[in-house]
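Below is one structure, written out as structure tokens; comments come after it.
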Amino acid sequence: MASFSTRGSGKVAIIGSGLVGRSWAMLFASVGNKVTLYDTNHQQLTSAVEEIHQKITDLQSDGLLRGTTPAEEQKTNIRGTDSLEEAVQGVYYIQECVPENVDLKREVFKQLDEVVGSDTEVIIASSTSCIVPSRFTADLTHSSQCIVVHPVNPPYFCRMVEIVPAPWTRGDIAMTTREIQLSIGQAPVSMSKEMPGFAANRLQYVLINEGWNMVKDGLISPQDVDTIMTEGFGMRYAFIGIFETMQLNADGIHNYMERYSKSLVAVSDTFKPPPEYDEETRNKLFDEISKSIPVDKLDETRKWRDACLAGLAKLKISLPKP
């Protein structure tokens, strides 16, 4: 199998043809990789390739297509197969995208471990959002080549990906994985070791938990919690991060902590434990959020969301850095 450093127009296998797998296929194809999309469901696989081709056409028409490769070539770069052996033949990188089930992932990684044969360089990555890699990559011949590469949904429009090694993942595998993500236009963040929830969900769950508790206690409405994000934090966090905000909201981080550290501690001491996600609050959230995003409008709203994210990405590229 080919290595990343010598691949030229390399070959990549995507395992699973759901929404995440389709996004990964489009990202790798966008810079010239030959992508094989694998699935055991032949009907879904055929539909996935057709939908990818249509999506590339639509993105091209809207001026939102990513990558350096022409649209028609991107389409021809993606094909499907229901043979796992065929999918991984000659690849330098494999991205698993099956449902979030640890037993299923163990089985898939066991199969991948067998079909890659004697190759010691191919990277075997998982898209899991929360399951630490040690839970499904132990006792494999190629365990040192396994790693988590968790994208933010939708991956095609959100560039950040988390790279999370298992305890036995080789250092060069983690480093090369980061280089590969940069090569396809993603924005990788690297963890030094595995941790439940990785980094992104640990941050996201803090927001969900506190929002849930405040809604449950009647302190604020679900819509206003979301407004805090969309018209408040989200506006600035699209351009500067948490610690950059601290630097800018005072005369540097040291000054910020001199001003606000006591308040940080005092407020944090009032936080409740994680909620039990009670049915009453769940129903309240569903009823209120369904007013702005009805269940029968989910696909339509997702398309709107994706268009907004694509437009924001273009804006970020167009704005000069200070």
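In the structure tokens, the first chain shown is A, the next is B, and so on; residue numbers restart at 1 for each chain, and ligands run from 1 in the order shown.
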
Closest atom pairs, segment 167-194 of chain A residues within 10 Å of segment 198-203 of chain A, only C-alpha atoms, as a Markdown table:
| residue | atom | partner | partner_atom | distance |
| --- | --- | --- | --- | --- |
| A:Val189 | CA | A:Ala199 | CA | 9.0 |
| A:Ser190 | CA | A:Ala199 | CA | 9.2 |
| A:Met191 | CA | A:Ala199 | CA | 7.7 |
| A:Lys193 | CA | A:Phe198 | CA | 9.0 |
| A:Glu194 | CA | A:Phe198 | CA | 6.6 |

Save out the residues we just selected, all heavy atoms, as a short mmCIF file (atom, residue, chain, number, x, y, z; two decimals), in the first residue's frame.
data_model
loop_
_atom_site.label_atom_id
_atom_site.label_comp_id
_atom_site.auth_asym_id
_atom_site.auth_seq_id
_atom_site.Cartn_x
_atom_site.Cartn_y
_atom_site.Cartn_z
N VAL A 189 -6.93 19.42 15.23
CA VAL A 189 -6.44 19.66 16.58
C VAL A 189 -6.02 18.30 17.12
O VAL A 189 -6.69 17.30 16.89
CB VAL A 189 -7.51 20.31 17.49
CG1 VAL A 189 -7.92 21.66 16.94
CG2 VAL A 189 -8.73 19.42 17.65
N SER A 190 -4.90 18.25 17.82
CA SER A 190 -4.32 16.98 18.25
C SER A 190 -4.33 16.84 19.76
O SER A 190 -3.86 17.73 20.48
CB SER A 190 -2.87 16.86 17.74
OG SER A 190 -2.83 16.88 16.33
N MET A 191 -4.89 15.73 20.25
CA MET A 191 -4.82 15.42 21.67
C MET A 191 -3.59 14.54 21.91
O MET A 191 -3.24 13.71 21.07
CB MET A 191 -6.09 14.70 22.11
CG MET A 191 -7.35 15.56 22.01
SD MET A 191 -8.77 14.83 22.87
CE MET A 191 -8.29 15.02 24.59
N LYS A 193 -3.35 12.32 24.30
CA LYS A 193 -3.81 10.98 24.68
C LYS A 193 -5.34 10.97 24.65
O LYS A 193 -5.98 12.02 24.61
CB LYS A 193 -3.30 10.59 26.06
CG LYS A 193 -3.80 11.48 27.19
CD LYS A 193 -3.26 11.01 28.53
CE LYS A 193 -3.79 11.88 29.69
NZ LYS A 193 -3.28 11.41 31.00
N GLU A 194 -5.91 9.77 24.70
CA GLU A 194 -7.35 9.66 24.65
C GLU A 194 -8.00 10.09 25.96
O GLU A 194 -7.41 9.96 27.04
CB GLU A 194 -7.76 8.23 24.29
CG GLU A 194 -7.38 7.20 25.32
CD GLU A 194 -7.85 5.79 24.96
OE1 GLU A 194 -8.00 5.51 23.76
OE2 GLU A 194 -8.06 4.98 25.88
#

Quiz item: Where does DSSP see alpha helix (DSSP H) in segment 8-113 of chain A, if you list the residues as a PyMOL selection string?
Solution: chain A and resi 19-29+42-61+71-76+84-88+102-113

Self-check item: Selection near segment 154-168 of chain A, 9 Å with only C-alpha atoms, sequence-local residues under 3 positions removed, as a count of residues only
Solution: 47

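Distances from A:Ser261, A:Val225, A:Gly18, A:Val295 to Gln43 of chain A were compared using only C-alpha atoms, and the smallest one belongs to A:Gly18.
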
Quiz item: Could you pull the residues within 12 Å of Gln223 of chain A, counting only C-alpha atoms, minus those fewer than 6 positions along the same chain, as number ranges by chain?
Solution: A: 211-212, 215, 229-231, 284-293

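Nearest to Asn209 of chain A of all the residues A:Pro273, A:Arg259, A:Asn153, A:Leu59 is A:Pro273, counting only C-alpha atoms.
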
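Proximity of A:Thr245, A:Tyr277, A:Phe233, A:Asp172 to Ile208 of chain A, computed with only C-alpha atoms, is greatest for A:Tyr277.
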
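Using only C-alpha atoms, the shortest contact distance between Glu244 of chain A and any of A:Gln111, A:Glu86, A:Tyr256, A:Ala266 is found at A:Tyr256.
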
Quiz item: Which distance in Å separates atom CA of Arg79 of chain A and atom CA of Leu45 of chain A, to one decimal?
Solution: 9.3 Å

Self-check item: Near-Asn77 of chain A list (10 Å; only C-alpha atoms; drop same-chain fewer than 4 positions) as a PyMOL selection string
Solution: chain A and resi 9+11+25-26+28-36+69+71-73

Those residues with N, CA, C and O atoms, as an mmCIF file, in the first residue's frame please?
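part21.cif, freshly written:
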data_model
loop_
_atom_site.group_PDB
_atom_site.id
_atom_site.type_symbol
_atom_site.label_atom_id
_atom_site.label_comp_id
_atom_site.auth_asym_id
_atom_site.auth_seq_id
_atom_site.Cartn_x
_atom_site.Cartn_y
_atom_site.Cartn_z
ATOM 1 N N SER A 9 -1.270 11.137 -6.534
ATOM 2 C CA SER A 9 -2.725 11.172 -6.402
ATOM 3 C C SER A 9 -3.117 9.879 -5.724
ATOM 4 O O SER A 9 -3.291 8.845 -6.359
ATOM 5 N N LYS A 11 -4.760 6.914 -2.976
ATOM 6 C CA LYS A 11 -6.002 6.173 -2.872
ATOM 7 C C LYS A 11 -6.430 6.119 -1.416
ATOM 8 O O LYS A 11 -5.615 5.877 -0.518
ATOM 9 N N ALA A 25 -15.585 11.410 1.712
ATOM 10 C CA ALA A 25 -15.275 11.075 0.319
ATOM 11 C C ALA A 25 -15.094 12.338 -0.513
ATOM 12 O O ALA A 25 -14.153 12.449 -1.309
ATOM 13 N N MET A 26 -15.976 13.298 -0.336
ATOM 14 C CA MET A 26 -15.897 14.546 -1.089
ATOM 15 C C MET A 26 -14.640 15.341 -0.732
ATOM 16 O O MET A 26 -13.991 15.922 -1.604
ATOM 17 N N PHE A 28 -11.680 14.194 0.431
ATOM 18 C CA PHE A 28 -10.471 13.580 -0.122
ATOM 19 C C PHE A 28 -10.426 13.703 -1.641
ATOM 20 O O PHE A 28 -9.363 13.955 -2.221
ATOM 21 N N ALA A 29 -11.571 13.556 -2.295
ATOM 22 C CA ALA A 29 -11.613 13.675 -3.754
ATOM 23 C C ALA A 29 -11.344 15.101 -4.215
ATOM 24 O O ALA A 29 -10.870 15.316 -5.329
ATOM 25 N N SER A 30 -11.625 16.070 -3.364
ATOM 26 C CA SER A 30 -11.506 17.476 -3.764
ATOM 27 C C SER A 30 -10.071 17.908 -4.049
ATOM 28 O O SER A 30 -9.837 18.924 -4.696
ATOM 29 N N VAL A 31 -9.109 17.128 -3.540
ATOM 30 C CA VAL A 31 -7.699 17.474 -3.789
ATOM 31 C C VAL A 31 -6.998 16.394 -4.616
ATOM 32 O O VAL A 31 -5.774 16.305 -4.615
ATOM 33 N N GLY A 32 -7.783 15.573 -5.318
ATOM 34 C CA GLY A 32 -7.198 14.644 -6.275
ATOM 35 C C GLY A 32 -7.059 13.210 -5.848
ATOM 36 O O GLY A 32 -6.587 12.374 -6.632
ATOM 37 N N ASN A 33 -7.461 12.863 -4.618
ATOM 38 C CA ASN A 33 -7.376 11.470 -4.190
ATOM 39 C C ASN A 33 -8.424 10.619 -4.903
ATOM 40 O O ASN A 33 -9.523 11.085 -5.218
ATOM 41 N N LYS A 34 -8.070 9.368 -5.151
ATOM 42 C CA LYS A 34 -9.015 8.392 -5.673
ATOM 43 C C LYS A 34 -9.691 7.718 -4.472
ATOM 44 O O LYS A 34 -9.021 7.066 -3.664
ATOM 45 N N VAL A 35 -10.994 7.892 -4.357
ATOM 46 C CA VAL A 35 -11.718 7.466 -3.168
ATOM 47 C C VAL A 35 -12.639 6.295 -3.490
ATOM 48 O O VAL A 35 -13.419 6.360 -4.446
ATOM 49 N N THR A 36 -12.538 5.239 -2.676
ATOM 50 C CA THR A 36 -13.469 4.128 -2.777
ATOM 51 C C THR A 36 -14.354 4.130 -1.544
ATOM 52 O O THR A 36 -13.869 4.039 -0.414
ATOM 53 N N THR A 69 -9.349 20.485 -7.278
ATOM 54 C CA THR A 69 -9.629 19.624 -8.418
ATOM 55 C C THR A 69 -10.947 20.027 -9.067
ATOM 56 O O THR A 69 -11.925 20.299 -8.361
ATOM 57 N N ALA A 71 -14.634 20.039 -10.755
ATOM 58 C CA ALA A 71 -15.809 19.306 -10.279
ATOM 59 C C ALA A 71 -15.977 17.951 -10.956
ATOM 60 O O ALA A 71 -16.231 16.943 -10.289
ATOM 61 N N GLU A 72 -15.843 17.909 -12.262
ATOM 62 C CA GLU A 72 -16.044 16.653 -12.973
ATOM 63 C C GLU A 72 -15.007 15.613 -12.576
ATOM 64 O O GLU A 72 -15.311 14.420 -12.471
ATOM 65 N N GLU A 73 -13.793 16.061 -12.335
ATOM 66 C CA GLU A 73 -12.751 15.133 -11.898
ATOM 67 C C GLU A 73 -13.016 14.646 -10.481
ATOM 68 O O GLU A 73 -12.758 13.486 -10.155
#

Self-check item: Non-local contacts of Val116 of chain A (12 Å; only C-alpha atoms; under 6 positions in same chain excluded) as an NGL selection string
Solution: :A and (1-2 or 13 or 84-94 or 109-110 or 122-124 or 140-143 or 145)
